[in-house]
Every structure is written in structure tokens, then in C-alpha cells.
Amino acid sequence: MKTIKEITAALKIAEDWQEWMTAVADDERAGVQKAWLSWKKRQDKKQQLIDEHQAKIDFDQRYGGKDALIAGVDEAGRGPLAGPVVTAAVILPKNCDALVGLNDSKQLTKEKRNAFATLVKEHAISYFIHFQSAKTIDELNIYEATKQSMKTSVESLSIMPDYVLVDAMTLPIAIPQDSIIKGDAKSLAIAAASILAKTARDDYMEQLDKDFPMYGFAQHAGYGTKQHLEALETFGPTIHHRKSFEPIKSM
């Protein structure tokens, strides 16, 4: 009979059910049962992620037909006082098991977002990321600037999609499209776009922090935190601040 330590170690590295686990399930030792329950919980979590992944794929395939190329489109940075709004368009392959666990960027840690961004870029049929500057945001307004950036992202894809799914926005494009409320939680393609937009913008703001360390851009990404507002009072706005946004507009 194997020791509890040996069984625990074996379960920690086991990815799928194996014949020897029948004996483990019947083993009445408390330590073995604890390890067995832990393994089953891990499997349940893995299956949940697989089911959620398939549901997102099924959602996307409702549009344009089974063989259609679906582009997901999303943005990051509509609300901050500084920095660009960043949009991304992504076309994913039909089967992409490497992206199991991909979700709305807000639901993932920074480390997981960065890891998924790398995977999306590796596996995507095509993707494009567009930066819309604070200057353009001030000229157009944030809604129109975001819409124009999303249009650019779609039209800059190396392969044109058959159908476009956009997170809560309708675009001035000739390609058939649908605006999906909370699309980054429903659509795998939109979730992938949200990851690319978010990670690209975060990287940009971290670089901006090196040029303007007094504002703390690496900490708040340009949002109106107490730290940011205090820095604005002390140092005034930079060329990267949105002059049409309050309180900068009144300064």
C-alpha cells in the first residue's frame, strides 16, 4: 500500500482520471481522502472552465454561420483622465483550446492577462490594436473617438471578417455586425480583444509613468484617483491629459 505522501504527490501531478484512482477513492485514510477531494475540486474547476470556454465559442458561432470568420472588438480606457483609449479587433480560429480560461480582462489578474495576451497573439488568425490619443479624444469626444478607433482596428485586420461582434457599440463599417452588451463575458472573440486592448494600454501607461513619475500612471493607469487628482493640483495637466474631461477642463 502506498503512503499518504506518495498518493498526495501522485494526485498533484495527475491531470486526468486514471485506473489507480479507484483504490484512492475507496481509501479510508483521512489524509488520502483530503488529497482526493482536493484533486476532484481541481477537476471540477477545470471542467467548469472548459464548459465556459465552449459556451463562448457557441455564442460566437451563432453569428454569420458556422464557418464564418468572427471578429471580436473591445476597448480599454474610456474613463481615465489621461492617456489614449485603446481598441483591439481579433479573429480567432474555430478551435482554440489554448485559450481555455480566457475571460473578460477585468476578471483576470495582471499576470493572467499578460499570459493570455501572448496566447491570443500566437493563435489569432488576425488581430490589430489601435491607440486613439488624448488629443483626438478632445477633438471628437470620447464616444466618437472610441468608435473611430474600433473602426480602424477592424479595417486594419490582415483578413477581413464575415461578421463583427462589438462590445456595446455600433460601428460605421460595411461588414455585418452586432453590438453585444457585456460582450466580453459572453463572446470569446470579444474577450480576446478586451485582453489585447487592456494589456496594450497598461503597458503604454507604465511607459508614460517613466516620463512623468509624479503622476503615478503605473498605479492608476490615468484614472481619477486621489493620488492622480492631487498630482494634477500640484503639477497641472500634461499633453497626455484629456482637456475635455473634468476637472482638467476647469483648470
# chains A, B, ... in the order shown; residues from 1 in each chain; ligands from 1

call {"tool": "select_by_dssp", "arguments": {"residues": "stretch 6-248 of chain A", "states": "strand (DSSP E or B)", "output": "VMD selection string"}}
result
chain A and resid 70 to 76 82 85 to 91 126 to 132 163 to 167 177 to 180 241

call {"tool": "write_last_selection", "arguments": {"atoms": "N, CA, C and O atoms", "output": "CSV table (one decimal), in the first residue's frame"}}
result
chain,number,residue,atom,x,y,z
A,70,ILE,N,-15.3,35.4,-37.4
A,70,ILE,CA,-15.9,36.3,-36.5
A,70,ILE,C,-14.8,37.2,-35.8
A,70,ILE,O,-13.8,36.7,-35.3
A,71,ALA,N,-14.9,38.5,-36.0
A,71,ALA,CA,-14.0,39.4,-35.3
A,71,ALA,C,-14.7,39.9,-34.0
A,71,ALA,O,-15.8,40.4,-34.0
A,72,GLY,N,-14.0,39.9,-32.9
A,72,GLY,CA,-14.4,40.5,-31.7
A,72,GLY,C,-13.7,41.8,-31.5
A,72,GLY,O,-12.5,42.0,-31.9
A,73,VAL,N,-14.4,42.8,-31.0
A,73,VAL,CA,-13.9,44.2,-30.8
A,73,VAL,C,-14.2,44.7,-29.5
A,73,VAL,O,-15.3,44.6,-29.0
A,74,ASP,N,-13.2,45.3,-28.8
A,74,ASP,CA,-13.4,45.9,-27.5
A,74,ASP,C,-12.4,47.0,-27.3
A,74,ASP,O,-11.5,47.2,-28.1
A,75,GLU,N,-12.6,47.7,-26.1
A,75,GLU,CA,-11.7,48.9,-25.8
A,75,GLU,C,-11.3,48.8,-24.4
A,75,GLU,O,-11.8,48.1,-23.6
A,76,ALA,N,-10.3,49.7,-24.1
A,76,ALA,CA,-9.8,49.9,-22.8
A,76,ALA,C,-9.5,51.3,-22.6
A,76,ALA,O,-8.8,51.9,-23.5
A,82,ALA,N,-6.3,60.6,-18.4
A,82,ALA,CA,-5.1,60.7,-19.2
A,82,ALA,C,-4.9,59.5,-20.0
A,82,ALA,O,-5.3,58.4,-19.6
A,85,VAL,N,-7.4,56.0,-25.5
A,85,VAL,CA,-8.3,54.9,-25.4
A,85,VAL,C,-7.7,53.9,-26.4
A,85,VAL,O,-7.2,54.3,-27.5
A,86,VAL,N,-7.7,52.6,-26.1
A,86,VAL,CA,-7.1,51.6,-26.9
A,86,VAL,C,-8.1,50.6,-27.3
A,86,VAL,O,-8.9,50.1,-26.5
A,87,THR,N,-8.2,50.3,-28.6
A,87,THR,CA,-9.2,49.3,-29.0
A,87,THR,C,-8.4,48.1,-29.7
A,87,THR,O,-7.3,48.3,-30.2
A,88,ALA,N,-9.1,47.0,-29.8
A,88,ALA,CA,-8.5,45.8,-30.5
A,88,ALA,C,-9.6,45.1,-31.2
A,88,ALA,O,-10.7,45.0,-30.8
A,89,ALA,N,-9.2,44.5,-32.3
A,89,ALA,CA,-10.1,43.6,-33.1
A,89,ALA,C,-9.3,42.3,-33.2
A,89,ALA,O,-8.1,42.3,-33.5
A,90,VAL,N,-10.0,41.1,-33.0
A,90,VAL,CA,-9.4,39.8,-33.0
A,90,VAL,C,-10.3,38.8,-33.8
A,90,VAL,O,-11.5,38.7,-33.5
A,91,ILE,N,-9.6,38.1,-34.7
A,91,ILE,CA,-10.3,36.9,-35.3
A,91,ILE,C,-9.6,35.6,-34.7
A,91,ILE,O,-8.4,35.5,-34.9
A,126,SER,N,-6.0,36.7,-37.1
A,126,SER,CA,-5.6,38.1,-37.3
A,126,SER,C,-6.0,39.0,-36.1
A,126,SER,O,-7.0,38.7,-35.5
A,127,TYR,N,-5.1,40.0,-35.8
A,127,TYR,CA,-5.5,40.9,-34.7
A,127,TYR,C,-4.9,42.3,-35.1
A,127,TYR,O,-3.9,42.4,-35.8
A,128,PHE,N,-5.5,43.3,-34.5
A,128,PHE,CA,-5.0,44.7,-34.7
A,128,PHE,C,-5.3,45.5,-33.4
A,128,PHE,O,-6.4,45.4,-32.9
A,129,ILE,N,-4.4,46.3,-33.0
A,129,ILE,CA,-4.6,47.1,-31.8
A,129,ILE,C,-4.3,48.6,-32.2
A,129,ILE,O,-3.4,48.9,-32.9
A,130,HIS,N,-5.3,49.4,-31.8
A,130,HIS,CA,-5.2,50.9,-32.2
A,130,HIS,C,-5.2,51.8,-31.0
A,130,HIS,O,-6.0,51.5,-30.1
A,131,PHE,N,-4.4,52.8,-31.0
A,131,PHE,CA,-4.3,53.8,-29.9
A,131,PHE,C,-4.9,55.1,-30.4
A,131,PHE,O,-4.4,55.6,-31.4
A,132,GLN,N,-5.9,55.6,-29.7
A,132,GLN,CA,-6.5,56.9,-30.0
A,132,GLN,C,-6.0,57.9,-29.0
A,132,GLN,O,-6.3,57.7,-27.8
A,163,TYR,N,-18.2,38.6,-40.0
A,163,TYR,CA,-19.1,39.2,-39.0
A,163,TYR,C,-18.3,39.8,-37.9
A,163,TYR,O,-17.2,39.3,-37.6
A,164,VAL,N,-18.8,40.9,-37.4
A,164,VAL,CA,-18.1,41.6,-36.3
A,164,VAL,C,-19.0,41.7,-35.1
A,164,VAL,O,-20.2,42.1,-35.2
A,165,LEU,N,-18.5,41.3,-33.9
A,165,LEU,CA,-19.1,41.4,-32.6
A,165,LEU,C,-18.4,42.5,-31.8
A,165,LEU,O,-17.2,42.4,-31.6
A,166,VAL,N,-19.2,43.5,-31.4
A,166,VAL,CA,-18.6,44.7,-30.8
A,166,VAL,C,-19.2,44.8,-29.4
A,166,VAL,O,-20.4,44.6,-29.2
A,167,ASP,N,-18.3,45.1,-28.4
A,167,ASP,CA,-18.8,45.2,-27.0
A,167,ASP,C,-19.5,46.6,-26.9
A,167,ASP,O,-18.9,47.6,-26.9
A,177,GLN,N,-22.6,43.3,-38.4
A,177,GLN,CA,-22.2,43.4,-37.0
A,177,GLN,C,-23.3,43.3,-36.1
A,177,GLN,O,-24.5,43.4,-36.4
A,178,ASP,N,-22.9,43.1,-34.8
A,178,ASP,CA,-23.9,43.1,-33.7
A,178,ASP,C,-23.2,43.8,-32.5
A,178,ASP,O,-22.0,43.5,-32.3
A,179,SER,N,-24.0,44.6,-31.8
A,179,SER,CA,-23.5,45.2,-30.6
A,179,SER,C,-23.9,44.3,-29.4
A,179,SER,O,-25.1,44.1,-29.3
A,180,ILE,N,-23.0,43.8,-28.7
A,180,ILE,CA,-23.3,42.9,-27.6
A,180,ILE,C,-23.0,43.5,-26.2
A,180,ILE,O,-21.9,43.9,-25.9
A,241,HIS,N,-3.0,64.4,-20.9
A,241,HIS,CA,-4.3,64.5,-20.2
A,241,HIS,C,-5.4,65.0,-21.1
A,241,HIS,O,-5.1,65.7,-22.1

call {"tool": "closest_residue", "arguments": {"among": "A:Asn114, A:Thr3, A:Gln54, A:Ile248", "to": "A:Ala30", "atoms": "only C-alpha atoms"}}
result
A:Thr3

call {"tool": "residues_around", "arguments": {"residues": "stretch 173-175 of chain A", "least_positions_apart": "4", "cutoff": "10 Å", "atoms": "only C-alpha atoms", "output": "ChimeraX atom specification"}}
result
/A:148,150-152,154-155,160-164

call {"tool": "residues_around", "arguments": {"residues": "stretch 201-206 of chain A", "least_positions_apart": "2", "cutoff": "8 Å", "atoms": "only C-alpha atoms", "output": "JSON, numbers by chain"}}
result
{"A": [76, 77, 83, 84, 85, 86, 197, 198, 199, 208, 209, 210, 217, 218, 221, 222]}

call {"tool": "write_last_selection", "arguments": {"atoms": "N, CA, C and O atoms", "output": "compact mmCIF listing (two decimals), in the first residue's frame"}}
result
# COMPACT_ATOMS: atom_id res chain seq x y z
N ALA A 76 -10.28 49.65 -24.13
CA ALA A 76 -9.83 49.87 -22.75
C ALA A 76 -9.48 51.35 -22.61
O ALA A 76 -8.83 51.91 -23.49
N GLY A 77 -9.94 51.95 -21.53
CA GLY A 77 -9.52 53.32 -21.23
C GLY A 77 -10.47 54.42 -21.64
O GLY A 77 -10.04 55.53 -21.92
N GLY A 83 -4.08 59.63 -21.02
CA GLY A 83 -3.70 58.51 -21.85
C GLY A 83 -4.70 58.23 -22.96
O GLY A 83 -5.79 58.82 -23.02
N PRO A 84 -4.34 57.32 -23.86
CA PRO A 84 -5.20 57.00 -25.00
C PRO A 84 -6.35 56.08 -24.61
O PRO A 84 -6.33 55.45 -23.56
N VAL A 85 -7.35 56.02 -25.47
CA VAL A 85 -8.28 54.90 -25.44
C VAL A 85 -7.71 53.91 -26.44
O VAL A 85 -7.24 54.30 -27.51
N VAL A 86 -7.68 52.64 -26.07
CA VAL A 86 -7.07 51.61 -26.91
C VAL A 86 -8.15 50.60 -27.30
O VAL A 86 -8.92 50.14 -26.46
N ALA A 197 -6.53 44.88 -25.73
CA ALA A 197 -6.67 46.32 -25.51
C ALA A 197 -6.18 46.71 -24.11
O ALA A 197 -5.43 47.69 -23.94
N LYS A 198 -6.57 45.94 -23.13
CA LYS A 198 -6.21 46.25 -21.74
C LYS A 198 -4.71 46.13 -21.51
O LYS A 198 -4.09 47.03 -20.91
N THR A 199 -4.09 45.06 -21.96
CA THR A 199 -2.66 44.87 -21.73
C THR A 199 -1.84 45.90 -22.50
O THR A 199 -0.83 46.40 -21.99
N LEU A 208 4.57 55.61 -19.82
CA LEU A 208 4.30 57.02 -19.57
C LEU A 208 4.70 57.42 -18.15
O LEU A 208 5.15 58.54 -17.90
N ASP A 209 4.56 56.48 -17.24
CA ASP A 209 4.93 56.72 -15.85
C ASP A 209 6.42 57.04 -15.71
O ASP A 209 6.82 57.81 -14.83
N LYS A 210 7.23 56.46 -16.59
CA LYS A 210 8.67 56.70 -16.53
C LYS A 210 9.00 58.14 -16.94
O LYS A 210 9.97 58.73 -16.45
N PHE A 217 1.09 57.16 -13.00
CA PHE A 217 0.33 56.48 -14.05
C PHE A 217 0.41 54.96 -13.97
O PHE A 217 -0.53 54.27 -14.34
N ALA A 218 1.53 54.44 -13.48
CA ALA A 218 1.69 52.98 -13.37
C ALA A 218 0.74 52.39 -12.34
O ALA A 218 0.37 51.21 -12.42
N ALA A 221 -3.24 54.04 -13.97
CA ALA A 221 -3.47 53.99 -15.42
C ALA A 221 -4.23 55.20 -15.95
O ALA A 221 -4.88 55.14 -16.99
N GLY A 222 -4.13 56.33 -15.23
CA GLY A 222 -4.76 57.56 -15.70
C GLY A 222 -6.13 57.84 -15.14
O GLY A 222 -6.72 58.89 -15.43

call {"tool": "select_by_dssp", "arguments": {"residues": "stretch 1-237 of chain A", "states": "helix (DSSP H, G or I)", "output": "ChimeraX atom specification"}}
result
/A:4-13,21-26,30-60,97-99,105-107,110-123,134-140,142-155,183-186,188-211,213-215,217-220,226-235

call {"tool": "closest_residue", "arguments": {"among": "A:Leu188, A:Thr146, A:Leu140, A:Lys106", "to": "A:Met169", "atoms": "only C-alpha atoms"}}
result
A:Thr146

call {"tool": "closest_residue", "arguments": {"among": "A:Asp51, A:Asp211, A:Asp184, A:Glu28", "to": "A:Asp97", "atoms": "only C-alpha atoms"}}
result
A:Asp51

call {"tool": "decode", "arguments": {"residues": "stretch 221-237 of chain A", "atoms": "N, CA, C and O atoms", "output": "PDB file, in the first residue's frame"}}
result
ATOM      1  N   ALA A 221      -3.241  54.038 -13.970  1.00  0.00           N
ATOM      2  CA  ALA A 221      -3.472  53.986 -15.422  1.00  0.00           C
ATOM      3  C   ALA A 221      -4.226  55.200 -15.953  1.00  0.00           C
ATOM      4  O   ALA A 221      -4.884  55.135 -16.995  1.00  0.00           O
ATOM      5  N   GLY A 222      -4.129  56.329 -15.229  1.00  0.00           N
ATOM      6  CA  GLY A 222      -4.755  57.557 -15.700  1.00  0.00           C
ATOM      7  C   GLY A 222      -6.134  57.835 -15.136  1.00  0.00           C
ATOM      8  O   GLY A 222      -6.721  58.889 -15.426  1.00  0.00           O
ATOM      9  N   TYR A 223      -6.671  56.911 -14.350  1.00  0.00           N
ATOM     10  CA  TYR A 223      -7.986  57.140 -13.744  1.00  0.00           C
ATOM     11  C   TYR A 223      -7.895  58.216 -12.651  1.00  0.00           C
ATOM     12  O   TYR A 223      -6.809  58.512 -12.140  1.00  0.00           O
ATOM     13  N   GLY A 224      -9.036  58.772 -12.308  1.00  0.00           N
ATOM     14  CA  GLY A 224      -9.071  59.907 -11.382  1.00  0.00           C
ATOM     15  C   GLY A 224      -9.002  59.525  -9.920  1.00  0.00           C
ATOM     16  O   GLY A 224      -9.913  59.844  -9.149  1.00  0.00           O
ATOM     17  N   THR A 225      -7.931  58.869  -9.534  1.00  0.00           N
ATOM     18  CA  THR A 225      -7.742  58.507  -8.129  1.00  0.00           C
ATOM     19  C   THR A 225      -7.336  59.742  -7.322  1.00  0.00           C
ATOM     20  O   THR A 225      -6.975  60.790  -7.883  1.00  0.00           O
ATOM     21  N   LYS A 226      -7.357  59.617  -6.017  1.00  0.00           N
ATOM     22  CA  LYS A 226      -6.947  60.714  -5.132  1.00  0.00           C
ATOM     23  C   LYS A 226      -5.506  61.116  -5.440  1.00  0.00           C
ATOM     24  O   LYS A 226      -5.191  62.322  -5.531  1.00  0.00           O
ATOM     25  N   GLN A 227      -4.634  60.127  -5.614  1.00  0.00           N
ATOM     26  CA  GLN A 227      -3.225  60.382  -5.942  1.00  0.00           C
ATOM     27  C   GLN A 227      -3.097  61.191  -7.225  1.00  0.00           C
ATOM     28  O   GLN A 227      -2.338  62.168  -7.290  1.00  0.00           O
ATOM     29  N   HIS A 228      -3.862  60.811  -8.234  1.00  0.00           N
ATOM     30  CA  HIS A 228      -3.799  61.477  -9.524  1.00  0.00           C
ATOM     31  C   HIS A 228      -4.329  62.910  -9.432  1.00  0.00           C
ATOM     32  O   HIS A 228      -3.720  63.856  -9.971  1.00  0.00           O
ATOM     33  N   LEU A 229      -5.453  63.091  -8.746  1.00  0.00           N
ATOM     34  CA  LEU A 229      -6.043  64.424  -8.623  1.00  0.00           C
ATOM     35  C   LEU A 229      -5.137  65.377  -7.843  1.00  0.00           C
ATOM     36  O   LEU A 229      -5.016  66.559  -8.192  1.00  0.00           O
ATOM     37  N   GLU A 230      -4.476  64.854  -6.830  1.00  0.00           N
ATOM     38  CA  GLU A 230      -3.530  65.673  -6.057  1.00  0.00           C
ATOM     39  C   GLU A 230      -2.340  66.085  -6.928  1.00  0.00           C
ATOM     40  O   GLU A 230      -1.870  67.232  -6.844  1.00  0.00           O
ATOM     41  N   ALA A 231      -1.869  65.154  -7.775  1.00  0.00           N
ATOM     42  CA  ALA A 231      -0.760  65.474  -8.681  1.00  0.00           C
ATOM     43  C   ALA A 231      -1.173  66.528  -9.701  1.00  0.00           C
ATOM     44  O   ALA A 231      -0.395  67.432 -10.031  1.00  0.00           O
ATOM     45  N   LEU A 232      -2.408  66.450 -10.175  1.00  0.00           N
ATOM     46  CA  LEU A 232      -2.913  67.455 -11.109  1.00  0.00           C
ATOM     47  C   LEU A 232      -2.962  68.835 -10.467  1.00  0.00           C
ATOM     48  O   LEU A 232      -2.632  69.848 -11.103  1.00  0.00           O
ATOM     49  N   GLU A 233      -3.385  68.887  -9.212  1.00  0.00           N
ATOM     50  CA  GLU A 233      -3.434  70.161  -8.486  1.00  0.00           C
ATOM     51  C   GLU A 233      -2.036  70.752  -8.330  1.00  0.00           C
ATOM     52  O   GLU A 233      -1.831  71.955  -8.434  1.00  0.00           O
ATOM     53  N   THR A 234      -1.071  69.888  -8.092  1.00  0.00           N
ATOM     54  CA  THR A 234       0.301  70.340  -7.844  1.00  0.00           C
ATOM     55  C   THR A 234       1.051  70.684  -9.122  1.00  0.00           C
ATOM     56  O   THR A 234       1.708  71.723  -9.222  1.00  0.00           O
ATOM     57  N   PHE A 235       0.947  69.816 -10.126  1.00  0.00           N
ATOM     58  CA  PHE A 235       1.783  69.959 -11.326  1.00  0.00           C
ATOM     59  C   PHE A 235       1.018  70.407 -12.573  1.00  0.00           C
ATOM     60  O   PHE A 235       1.637  70.759 -13.572  1.00  0.00           O
ATOM     61  N   GLY A 236      -0.308  70.372 -12.521  1.00  0.00           N
ATOM     62  CA  GLY A 236      -1.089  70.701 -13.701  1.00  0.00           C
ATOM     63  C   GLY A 236      -1.110  69.548 -14.690  1.00  0.00           C
ATOM     64  O   GLY A 236      -0.416  68.543 -14.517  1.00  0.00           O
ATOM     65  N   PRO A 237      -1.903  69.659 -15.767  1.00  0.00           N
ATOM     66  CA  PRO A 237      -2.014  68.567 -16.741  1.00  0.00           C
ATOM     67  C   PRO A 237      -0.826  68.508 -17.700  1.00  0.00           C
ATOM     68  O   PRO A 237      -0.152  69.505 -17.936  1.00  0.00           O
TER      69      PRO A 237
END
